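Structure file target.cif (mmCIF, C-alpha atoms and all ligand atoms) follows.
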data_query
loop_
_atom_site.label_atom_id
_atom_site.label_comp_id
_atom_site.auth_asym_id
_atom_site.auth_seq_id
_atom_site.Cartn_x
_atom_site.Cartn_y
_atom_site.Cartn_z
CA MET N 151 100.06 88.19 98.48
CA SER N 152 103.44 88.11 100.24
CA GLU N 153 104.22 86.56 103.62
CA TRP N 154 104.57 89.90 105.39
CA THR N 155 101.81 91.77 107.13
CA ILE N 156 103.25 95.05 108.34
CA GLY N 157 101.44 96.78 111.18
CA VAL N 158 102.14 100.51 111.06
CA ILE N 159 101.54 102.47 114.25
CA GLY N 160 101.29 106.14 113.35
CA GLY N 161 102.24 108.66 116.00
CA SER N 162 101.58 112.39 116.38
CA GLY N 163 100.98 113.88 112.93
CA LEU N 164 100.54 110.54 111.16
CA TYR N 165 96.86 109.61 111.29
CA ALA N 166 96.60 107.74 107.95
CA ILE N 167 98.80 106.19 105.30
CA ASP N 168 98.57 106.68 101.54
CA GLY N 169 98.03 104.38 98.61
CA LEU N 170 96.39 101.41 100.37
CA GLU N 171 94.43 99.33 97.86
CA ASP N 172 91.17 97.68 98.92
CA ALA N 173 91.41 99.50 102.25
CA GLN N 174 88.92 98.40 104.87
CA SER N 175 88.41 99.94 108.29
CA ILE N 176 87.74 97.27 110.91
CA ARG N 177 87.01 97.34 114.63
CA VAL N 178 88.85 94.54 116.39
CA ASP N 179 87.90 93.64 119.98
CA SER N 180 90.65 92.88 122.47
CA PRO N 181 90.47 91.25 125.89
CA PHE N 182 92.92 93.95 126.98
CA GLY N 183 90.41 96.77 126.42
CA GLU N 184 89.91 99.43 123.77
CA ALA N 185 92.53 99.94 121.10
CA SER N 186 93.26 103.53 120.06
CA ASP N 187 90.99 103.24 117.02
CA ASP N 188 89.71 100.96 114.28
CA ILE N 189 92.47 99.48 112.18
CA VAL N 190 92.72 100.02 108.42
CA ILE N 191 93.79 96.99 106.38
CA GLY N 192 94.84 97.12 102.74
CA THR N 193 97.47 96.22 100.19
CA LEU N 194 100.55 98.18 99.10
CA HIS N 195 102.74 96.85 96.30
CA GLY N 196 101.53 93.30 96.92
CA HIS N 197 102.05 93.33 100.69
CA ARG N 198 99.39 93.47 103.38
CA PHE N 199 99.57 96.58 105.59
CA VAL N 200 97.55 97.34 108.73
CA PHE N 201 97.43 100.91 110.03
CA LEU N 202 96.58 102.08 113.54
CA PRO N 203 96.79 105.73 114.69
CA ARG N 204 98.39 105.57 118.14
CA HIS N 205 96.49 108.50 119.60
CA GLY N 206 93.23 107.74 117.74
CA LYS N 207 91.58 109.84 115.06
CA GLY N 208 91.77 113.51 115.97
CA HIS N 209 94.56 112.79 118.49
CA ARG N 210 92.09 111.96 121.31
CA LEU N 211 94.46 110.03 123.56
CA SER N 212 97.20 111.34 125.81
CA PRO N 213 100.38 109.21 125.89
CA SER N 214 99.46 107.77 129.32
CA ASP N 215 95.99 106.82 128.03
CA VAL N 216 97.16 104.97 124.94
CA ASN N 217 96.24 101.34 125.62
CA ALA N 218 99.41 99.79 124.20
CA ARG N 219 98.35 96.28 125.24
CA ALA N 220 95.11 96.52 123.27
CA ASN N 221 96.92 98.09 120.30
CA ILE N 222 99.51 95.32 120.05
CA ASP N 223 96.87 92.66 120.71
CA VAL N 224 94.61 93.87 117.87
CA LEU N 225 97.56 94.07 115.46
CA LYS N 226 98.46 90.49 116.36
CA ARG N 227 94.81 89.43 115.88
CA ALA N 228 94.83 91.16 112.49
CA GLY N 229 97.66 88.85 111.44
CA CYS N 230 100.57 91.29 111.58
CA THR N 231 103.97 89.63 111.28
CA ASP N 232 106.00 92.78 112.07
CA ILE N 233 105.41 96.26 113.49
CA LEU N 234 106.78 99.54 112.21
CA ALA N 235 106.21 102.28 114.76
CA ILE N 236 106.55 105.91 113.73
CA SER N 237 106.90 108.66 116.34
CA ALA N 238 107.50 112.35 116.80
CA ILE N 239 110.53 112.83 119.06
CA GLY N 240 112.56 115.54 120.74
CA SER N 241 116.30 115.67 120.06
CA LEU N 242 118.87 115.48 122.84
CA ARG N 243 121.82 115.89 120.44
CA GLU N 244 123.08 118.90 118.49
CA GLU N 245 123.64 116.71 115.43
CA LEU N 246 120.00 115.55 115.32
CA PRO N 247 118.11 118.69 114.21
CA PRO N 248 114.38 119.01 113.54
CA GLY N 249 113.57 117.10 110.35
CA GLN N 250 116.11 114.35 111.11
CA PHE N 251 114.79 110.78 111.03
CA VAL N 252 116.36 108.27 113.42
CA LEU N 253 116.34 104.51 113.76
CA VAL N 254 116.01 103.74 117.46
CA ASP N 255 117.79 100.61 118.68
CA GLN N 256 117.78 101.07 122.47
CA PHE N 257 115.40 102.44 125.08
CA ILE N 258 115.42 103.71 128.63
CA ASP N 259 111.93 103.34 130.07
CA ARG N 260 110.89 106.02 132.58
CA THR N 261 107.15 105.49 132.15
CA VAL N 262 105.33 104.74 135.39
CA HIS N 263 101.55 104.68 134.88
CA ARG N 264 101.12 102.03 132.17
CA PRO N 265 100.47 98.28 132.20
CA SER N 266 103.66 97.00 130.62
CA SER N 267 103.08 93.26 130.23
CA PHE N 268 100.44 90.91 128.85
CA PHE N 269 101.56 88.35 131.41
CA GLY N 270 101.18 88.25 135.21
CA THR N 271 99.91 86.11 138.05
CA GLY N 272 98.85 82.75 136.60
CA MET N 273 101.07 82.97 133.53
CA VAL N 274 104.48 84.53 134.03
CA ALA N 275 106.84 85.24 131.13
CA HIS N 276 110.25 86.91 130.98
CA VAL N 277 111.25 87.94 127.46
CA SER N 278 114.67 89.41 126.66
CA MET N 279 114.77 93.13 125.90
CA ALA N 280 118.55 93.25 125.43
CA ASP N 281 118.03 94.02 121.74
CA PRO N 282 114.53 95.50 121.69
CA VAL N 283 114.40 96.31 117.98
CA CYS N 284 114.36 93.99 114.97
CA PRO N 285 117.52 94.79 112.96
CA ARG N 286 116.03 93.49 109.70
CA LEU N 287 112.90 95.65 109.81
CA SER N 288 114.85 98.63 111.11
CA ALA N 289 117.32 98.42 108.20
CA LEU N 290 114.46 98.17 105.68
CA ALA N 291 112.75 101.15 107.31
CA GLY N 292 116.00 103.12 107.09
CA GLU N 293 116.37 102.34 103.39
CA ALA N 294 112.74 103.34 102.84
CA ALA N 295 113.17 106.60 104.77
CA ARG N 296 116.20 107.53 102.64
CA ALA N 297 114.25 106.73 99.47
CA ALA N 298 111.55 109.07 100.80
CA GLY N 299 114.12 111.87 101.01
CA ALA N 300 114.65 111.89 104.76
CA PRO N 301 118.08 112.18 106.42
CA VAL N 302 118.49 109.05 108.57
CA ARG N 303 120.68 108.37 111.62
CA GLU N 304 121.01 104.81 112.95
CA GLY N 305 121.70 103.55 116.44
CA CYS N 306 119.80 106.01 118.63
CA THR N 307 118.73 105.55 122.24
CA TYR N 308 115.17 106.71 123.08
CA LEU N 309 114.18 107.95 126.50
CA ALA N 310 110.53 107.12 127.13
CA MET N 311 109.04 109.60 129.60
CA GLU N 312 105.55 109.50 131.08
CA GLY N 313 104.40 112.98 130.05
CA PRO N 314 102.14 114.57 129.05
CA GLN N 315 104.20 117.56 130.25
CA PHE N 316 107.55 117.99 128.51
CA SER N 317 110.75 117.56 130.56
CA SER N 318 112.27 120.08 132.93
CA ARG N 319 115.70 121.40 131.88
CA ALA N 320 117.34 119.37 134.64
CA GLU N 321 115.69 116.18 133.35
CA SER N 322 116.67 116.99 129.78
CA HIS N 323 120.35 117.45 130.83
CA MET N 324 120.21 114.23 132.87
CA TYR N 325 118.88 112.19 129.91
CA ARG N 326 121.74 113.55 127.78
CA ALA N 327 124.22 112.54 130.48
CA TRP N 328 122.66 109.06 130.47
CA GLY N 329 123.60 108.75 126.79
CA CYS N 330 120.09 109.17 125.38
CA ASP N 331 119.77 110.68 121.90
CA VAL N 332 116.05 111.31 121.58
CA ILE N 333 113.00 111.60 123.79
CA GLY N 334 109.36 110.67 123.43
CA MET N 335 106.34 109.55 125.44
CA THR N 336 104.99 106.47 123.69
CA ALA N 337 107.45 103.83 122.51
CA MET N 338 107.42 102.20 125.91
CA PRO N 339 105.79 99.89 126.85
CA GLU N 340 104.81 99.47 123.18
CA ALA N 341 108.18 97.91 122.24
CA LYS N 342 108.10 95.56 125.26
CA LEU N 343 104.59 94.42 124.42
CA ALA N 344 105.47 93.83 120.77
CA ARG N 345 108.29 91.55 121.91
CA GLU N 346 105.95 89.68 124.28
CA ALA N 347 103.59 89.20 121.32
CA GLU N 348 106.49 87.79 119.25
CA LEU N 349 106.26 90.70 116.80
CA PRO N 350 109.53 92.08 115.41
CA TYR N 351 109.37 95.85 116.08
CA ALA N 352 111.21 98.81 114.61
CA LEU N 353 110.87 102.47 115.53
CA VAL N 354 111.44 105.39 113.18
CA GLY N 355 111.60 108.63 115.11
CA MET N 356 111.13 112.00 113.42
CA VAL N 357 112.73 114.91 115.24
CA THR N 358 110.37 117.85 115.80
CA ASP N 359 112.34 119.93 118.36
CA TYR N 360 115.48 120.19 120.52
CA ASP N 361 113.59 119.63 123.79
CA CYS N 362 114.87 122.22 126.34
CA TRP N 363 118.53 121.38 127.08
CA ARG N 364 120.06 123.60 124.39
CA GLU N 365 121.60 127.01 125.17
CA GLY N 366 119.52 129.76 123.65
CA GLU N 367 116.74 127.35 122.65
CA ASP N 368 113.22 128.32 123.67
CA HIS N 369 111.36 125.78 125.71
CA VAL N 370 109.55 123.23 123.57
CA GLU N 371 105.98 124.09 122.56
CA VAL N 372 103.31 122.12 120.72
CA GLY N 373 102.81 124.85 118.06
CA ALA N 374 106.39 124.60 116.79
CA ILE N 375 106.23 120.82 116.98
CA LEU N 376 103.07 120.75 114.85
CA ALA N 377 104.68 122.83 112.10
CA GLN N 378 107.71 120.51 111.90
CA MET N 379 105.41 117.49 112.10
CA GLN N 380 103.61 118.43 108.87
CA ASP N 381 106.85 118.22 106.92
CA ASN N 382 107.96 115.05 108.72
CA SER N 383 104.66 113.31 108.24
CA ALA N 384 104.65 113.81 104.44
CA LYS N 385 108.00 111.98 104.38
CA ALA N 386 106.73 109.31 106.78
CA ARG N 387 103.80 108.58 104.45
CA GLN N 388 106.23 108.22 101.54
CA LEU N 389 108.49 106.04 103.74
CA VAL N 390 105.66 103.51 104.14
CA ILE N 391 105.17 103.37 100.36
CA GLU N 392 108.93 102.95 99.81
CA LEU N 393 109.01 100.17 102.41
CA ALA N 394 106.27 98.31 100.54
CA LYS N 395 108.34 98.61 97.35
CA ILE N 396 111.50 97.09 98.85
CA LEU N 397 110.04 94.34 101.04
CA PRO N 398 111.22 91.00 99.64
CA ALA N 399 108.46 88.62 98.55
CA ARG N 400 109.64 86.00 101.06
CA ARG N 401 109.75 86.67 104.77
CA GLU N 402 112.50 84.57 106.33
CA SER N 403 111.64 83.66 109.92
CA SER N 404 113.05 85.78 112.74
CA PRO N 405 114.12 84.52 116.19
CA ILE N 406 111.60 87.04 117.57
CA ASP N 407 108.76 85.02 115.95
CA THR N 408 109.27 82.30 118.57
CA CYS N 409 110.83 84.17 121.52
CA LEU N 410 108.16 83.02 123.98
CA ASP N 411 109.52 79.48 123.67
CA PHE N 412 112.28 80.61 126.05
CA ALA N 413 110.19 82.93 128.22
CA LEU N 414 107.17 81.10 129.67
CA ILE N 415 107.91 79.89 133.19
CA THR N 416 104.62 79.03 134.96
CA ALA N 417 104.00 75.29 135.31
CA PRO N 418 100.96 74.03 133.35
CA ASP N 419 99.02 73.15 136.53
CA ALA N 420 99.65 76.62 138.05
CA ARG N 421 98.31 78.54 135.06
CA ASP N 422 95.21 80.73 135.32
CA PRO N 423 92.66 79.69 132.66
CA ALA N 424 91.16 83.20 132.53
CA LEU N 425 94.55 84.77 131.77
CA LEU N 426 95.35 82.04 129.25
CA ALA N 427 92.12 82.88 127.44
CA ARG N 428 93.15 86.57 127.23
CA LEU N 429 96.52 85.50 125.84
CA ASP N 430 95.00 83.56 122.93
CA ALA N 431 96.38 85.93 120.29
CA VAL N 432 99.68 87.16 121.70
CA ALA N 433 100.84 83.82 123.13
CA GLY N 434 98.55 81.27 121.46
CA ARG N 435 101.33 79.80 119.33
CA ALA N 436 103.69 79.30 122.27
CA LEU N 437 100.99 78.05 124.63
CA ARG N 438 99.79 75.45 122.13
CA ALA N 439 103.39 74.32 121.62
CA ARG N 440 103.92 73.60 125.33
C1 LIG N 501 102.77 116.39 120.05
S1 LIG N 501 104.34 116.29 120.78
C2 LIG N 501 104.30 115.06 122.05
C3 LIG N 501 103.72 113.74 121.64
O1 LIG N 501 104.28 113.36 120.36
C4 LIG N 501 104.87 112.08 120.47
O2 LIG N 501 103.85 111.12 120.19
P1 LIG N 501 104.10 109.85 119.25
O3 LIG N 501 105.25 109.09 119.84
O4 LIG N 501 102.82 109.06 119.28
O5 LIG N 501 104.43 110.40 117.88
C5 LIG N 501 105.32 112.06 121.93
O6 LIG N 501 105.64 110.75 122.34
C6 LIG N 501 104.16 112.68 122.63
O7 LIG N 501 103.11 111.75 122.84
N1 LIG N 502 110.65 117.23 123.41
C1 LIG N 502 109.85 116.17 123.45
N2 LIG N 502 109.69 115.47 124.60
C2 LIG N 502 108.89 114.38 124.63
N3 LIG N 502 108.19 113.95 123.59
C3 LIG N 502 108.30 114.60 122.44
N4 LIG N 502 107.74 114.39 121.24
C4 LIG N 502 108.17 115.35 120.41
N5 LIG N 502 109.03 116.20 121.05
C5 LIG N 502 109.13 115.74 122.32
#

Could you render the structure as structure tokens?
Ligand SMILES: CSC[C@H]1O[C@H](OP(=O)(O)O)[C@H](O)[C@@H]1O
Ligand SMILES: Nc1ncnc2[nH]cnc12
Amino acid sequence: MSEWTIGVIGGSGLYAIDGLEDAQSIRVDSPFGEASDDIVIGTLHGHRFVFLPRHGKGHRLSPSDVNARANIDVLKRAGCTDILAISAIGSLREELPPGQFVLVDQFIDRTVHRPSSFFGTGMVAHVSMADPVCPRLSALAGEAARAAGAPVREGCTYLAMEGPQFSSRAESHMYRAWGCDVIGMTAMPEAKLAREAELPYALVGMVTDYDCWREGEDHVEVGAILAQMQDNSAKARQLVIELAKILPARRESSPIDTCLDFALITAPDARDPALLARLDAVAGRALRAR
């Protein structure tokens, strides 16, 4: 078995992955509450993969109700070394039509109703989010997406909105003026939490619609999104298989693996033992080191 364990978070339209050998469905408890669903662990081309459907089986959970802390915590507990997130997104750019896959490398976070940190009173941490995505995993995901037959655009900025309603036209125009390329409702605080858990994170977005900014474009509706999602999700499933094929046997360490070494600030005698206990998975390595 290789040194990688890739956690795949499947978004709207991606509720399972294909080809997993020795797949086992496992419920993992988290001190941060209920994860979206049981995880499925198996092997693909000699690498361990762990799958979690972000909205749960049957798409039970609204974006605001996805417990991103529990999701990242259970993936860490399951031994994931890296996280590949896959999401349906709206396009804010003419040149990113439905069916386009994008590699997100920046975010603007406009979510408001979600716990966005594992840390807090009794154990404060400040991680850097200057470069929120792991370039190594993102590049591998891009290569895999191309091998799966998807058109791929790098370097996109993702606007994370609260939802569940889609944007107004004024908001959609404003996000374009801010320089955003795509829009979705779930990658934040997921990406922040992955960084706090020292998990390199990459996000592949699959365009389903042009949101509502475009002249002559109807407003966005779930029906049209679902139709595009079917096509996208077949390619996303193949992308995961292609990723397993190209992952190198060795996983060189990433600076993200140890980023909490520069982030924990609370003095040992001011730390809250109850919070430390909850942090056993996400920050156990760093807390034991200091
Ligand atoms: C069904 S369209 C809106 C829905 O799809 C995206 O979810 P995910 O990122 O999990 O693929 C978007 O963020 C919304 O939650
Ligand atoms: N237009 C859109 N806005 C927000 N999230 C989306 N997910 C897919 N399309 C979207």

Around ligand LIG 502 (chain N), which protein and nucleic acid residues have at least one atom no more than 10 Å from it, if we count all atoms listed in the file? List them as a PDB file with C-alpha atoms, keeping the file's coordinate frame.
ATOM      1  CA  GLY N 161     102.240 108.660 116.000  1.00  0.00           C
ATOM      2  CA  SER N 162     101.580 112.390 116.380  1.00  0.00           C
ATOM      3  CA  PRO N 213     100.380 109.210 125.890  1.00  0.00           C
ATOM      4  CA  SER N 237     106.900 108.660 116.340  1.00  0.00           C
ATOM      5  CA  ALA N 238     107.500 112.350 116.800  1.00  0.00           C
ATOM      6  CA  ILE N 239     110.530 112.830 119.060  1.00  0.00           C
ATOM      7  CA  GLY N 240     112.560 115.540 120.740  1.00  0.00           C
ATOM      8  CA  SER N 241     116.300 115.670 120.060  1.00  0.00           C
ATOM      9  CA  LEU N 242     118.870 115.480 122.840  1.00  0.00           C
ATOM     10  CA  PRO N 248     114.380 119.010 113.540  1.00  0.00           C
ATOM     11  CA  LEU N 309     114.180 107.950 126.500  1.00  0.00           C
ATOM     12  CA  ALA N 310     110.530 107.120 127.130  1.00  0.00           C
ATOM     13  CA  MET N 311     109.040 109.600 129.600  1.00  0.00           C
ATOM     14  CA  GLU N 312     105.550 109.500 131.080  1.00  0.00           C
ATOM     15  CA  GLY N 313     104.400 112.980 130.050  1.00  0.00           C
ATOM     16  CA  PRO N 314     102.140 114.570 129.050  1.00  0.00           C
ATOM     17  CA  GLN N 315     104.200 117.560 130.250  1.00  0.00           C
ATOM     18  CA  PHE N 316     107.550 117.990 128.510  1.00  0.00           C
ATOM     19  CA  SER N 317     110.750 117.560 130.560  1.00  0.00           C
ATOM     20  CA  SER N 318     112.270 120.080 132.930  1.00  0.00           C
ATOM     21  CA  SER N 322     116.670 116.990 129.780  1.00  0.00           C
ATOM     22  CA  VAL N 332     116.050 111.310 121.580  1.00  0.00           C
ATOM     23  CA  ILE N 333     113.000 111.600 123.790  1.00  0.00           C
ATOM     24  CA  GLY N 334     109.360 110.670 123.430  1.00  0.00           C
ATOM     25  CA  MET N 335     106.340 109.550 125.440  1.00  0.00           C
ATOM     26  CA  THR N 336     104.990 106.470 123.690  1.00  0.00           C
ATOM     27  CA  GLY N 355     111.600 108.630 115.110  1.00  0.00           C
ATOM     28  CA  MET N 356     111.130 112.000 113.420  1.00  0.00           C
ATOM     29  CA  VAL N 357     112.730 114.910 115.240  1.00  0.00           C
ATOM     30  CA  THR N 358     110.370 117.850 115.800  1.00  0.00           C
ATOM     31  CA  ASP N 359     112.340 119.930 118.360  1.00  0.00           C
ATOM     32  CA  TYR N 360     115.480 120.190 120.520  1.00  0.00           C
ATOM     33  CA  ASP N 361     113.590 119.630 123.790  1.00  0.00           C
ATOM     34  CA  CYS N 362     114.870 122.220 126.340  1.00  0.00           C
ATOM     35  CA  TRP N 363     118.530 121.380 127.080  1.00  0.00           C
ATOM     36  CA  HIS N 369     111.360 125.780 125.710  1.00  0.00           C
ATOM     37  CA  VAL N 370     109.550 123.230 123.570  1.00  0.00           C
ATOM     38  CA  GLU N 371     105.980 124.090 122.560  1.00  0.00           C
ATOM     39  CA  VAL N 372     103.310 122.120 120.720  1.00  0.00           C
ATOM     40  CA  ALA N 374     106.390 124.600 116.790  1.00  0.00           C
ATOM     41  CA  ILE N 375     106.230 120.820 116.980  1.00  0.00           C
ATOM     42  CA  LEU N 376     103.070 120.750 114.850  1.00  0.00           C
ATOM     43  CA  GLN N 378     107.710 120.510 111.900  1.00  0.00           C
ATOM     44  CA  MET N 379     105.410 117.490 112.100  1.00  0.00           C
TER      45      MET N 379
END

Item to check | Counting only C-alpha atoms, the option among N:Gly366, N:Gly272, N:Gly192, N:Pro282 closest to Ile167 of chain N | outcome: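 Smallest separation from Ile167 of chain N among the options: N:Gly192.
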
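What separates atom CA of His197 of chain N from atom CA of Arg428 of chain N is a distance of 28.8 Å.
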
Next on the checklist: Which residue is closest to ligand LIG 501 (chain N)? Choose from N:Glu293, N:Glu392, N:Asp179, N:Asp215 and count all atoms listed in the file.
Outcome noted: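 Closest residue, counting all atoms listed in the file: N:Asp215.
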
Next on the checklist: Which residues are close to His195 of chain N, i.e. within 10 Å by all atoms listed in the file, leaving aside same-chain residues fewer than 5 positions away? Reply as JSON, numbers by chain.
Outcome noted: {"N": [151, 152, 169, 170, 171, 391, 392, 393, 394, 395, 396, 397]}

Next on the checklist: Please compute the atom CA of Glu348 of chain N-atom CA of Ser266 of chain N distance, one decimal, in Å.
Outcome noted: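 Taking atom CA of Glu348 of chain N and atom CA of Ser266 of chain N, their separation equals 14.9 Å.
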
For segment 327-343 of chain N, supply N, CA and C atoms and format the output as a PDB file, in the coordinates of the input.
ATOM      1  N   ALA N 327     123.083 113.131 129.755  1.00  0.00           N
ATOM      2  CA  ALA N 327     124.220 112.540 130.480  1.00  0.00           C
ATOM      3  C   ALA N 327     124.095 111.014 130.530  1.00  0.00           C
ATOM      4  N   TRP N 328     122.886 110.515 130.491  1.00  0.00           N
ATOM      5  CA  TRP N 328     122.660 109.060 130.470  1.00  0.00           C
ATOM      6  C   TRP N 328     123.001 108.442 129.109  1.00  0.00           C
ATOM      7  N   GLY N 329     123.259 109.278 128.120  1.00  0.00           N
ATOM      8  CA  GLY N 329     123.600 108.750 126.790  1.00  0.00           C
ATOM      9  C   GLY N 329     122.396 108.638 125.864  1.00  0.00           C
ATOM     10  N   CYS N 330     121.272 109.239 126.265  1.00  0.00           N
ATOM     11  CA  CYS N 330     120.090 109.170 125.380  1.00  0.00           C
ATOM     12  C   CYS N 330     120.243 110.175 124.240  1.00  0.00           C
ATOM     13  N   ASP N 331     119.675 109.828 123.090  1.00  0.00           N
ATOM     14  CA  ASP N 331     119.770 110.680 121.900  1.00  0.00           C
ATOM     15  C   ASP N 331     118.465 111.409 121.606  1.00  0.00           C
ATOM     16  N   VAL N 332     117.356 110.737 121.904  1.00  0.00           N
ATOM     17  CA  VAL N 332     116.050 111.310 121.580  1.00  0.00           C
ATOM     18  C   VAL N 332     115.072 111.004 122.699  1.00  0.00           C
ATOM     19  N   ILE N 333     113.971 111.764 122.709  1.00  0.00           N
ATOM     20  CA  ILE N 333     113.000 111.600 123.790  1.00  0.00           C
ATOM     21  C   ILE N 333     111.582 111.594 123.237  1.00  0.00           C
ATOM     22  N   GLY N 334     110.756 110.745 123.829  1.00  0.00           N
ATOM     23  CA  GLY N 334     109.360 110.670 123.430  1.00  0.00           C
ATOM     24  C   GLY N 334     108.534 110.112 124.584  1.00  0.00           C
ATOM     25  N   MET N 335     107.232 109.956 124.343  1.00  0.00           N
ATOM     26  CA  MET N 335     106.340 109.550 125.440  1.00  0.00           C
ATOM     27  C   MET N 335     105.593 108.249 125.157  1.00  0.00           C
ATOM     28  N   THR N 336     105.894 107.577 124.038  1.00  0.00           N
ATOM     29  CA  THR N 336     104.990 106.470 123.690  1.00  0.00           C
ATOM     30  C   THR N 336     105.632 105.124 123.334  1.00  0.00           C
ATOM     31  N   ALA N 337     106.915 105.094 123.045  1.00  0.00           N
ATOM     32  CA  ALA N 337     107.450 103.830 122.510  1.00  0.00           C
ATOM     33  C   ALA N 337     107.607 102.752 123.575  1.00  0.00           C
ATOM     34  N   MET N 338     107.499 103.171 124.830  1.00  0.00           N
ATOM     35  CA  MET N 338     107.420 102.200 125.910  1.00  0.00           C
ATOM     36  C   MET N 338     106.065 102.348 126.584  1.00  0.00           C
ATOM     37  N   PRO N 339     105.368 101.281 126.956  1.00  0.00           N
ATOM     38  CA  PRO N 339     105.790  99.890 126.850  1.00  0.00           C
ATOM     39  C   PRO N 339     105.516  99.239 125.503  1.00  0.00           C
ATOM     40  N   GLU N 340     105.179 100.042 124.484  1.00  0.00           N
ATOM     41  CA  GLU N 340     104.810  99.470 123.180  1.00  0.00           C
ATOM     42  C   GLU N 340     105.837  98.441 122.684  1.00  0.00           C
ATOM     43  N   ALA N 341     107.138  98.820 122.762  1.00  0.00           N
ATOM     44  CA  ALA N 341     108.180  97.910 122.240  1.00  0.00           C
ATOM     45  C   ALA N 341     108.259  96.629 123.075  1.00  0.00           C
ATOM     46  N   LYS N 342     108.073  96.757 124.392  1.00  0.00           N
ATOM     47  CA  LYS N 342     108.100  95.560 125.260  1.00  0.00           C
ATOM     48  C   LYS N 342     106.947  94.619 124.907  1.00  0.00           C
ATOM     49  N   LEU N 343     105.780  95.226 124.690  1.00  0.00           N
ATOM     50  CA  LEU N 343     104.590  94.420 124.420  1.00  0.00           C
ATOM     51  C   LEU N 343     104.684  93.745 123.048  1.00  0.00           C
TER      52      LEU N 343
END
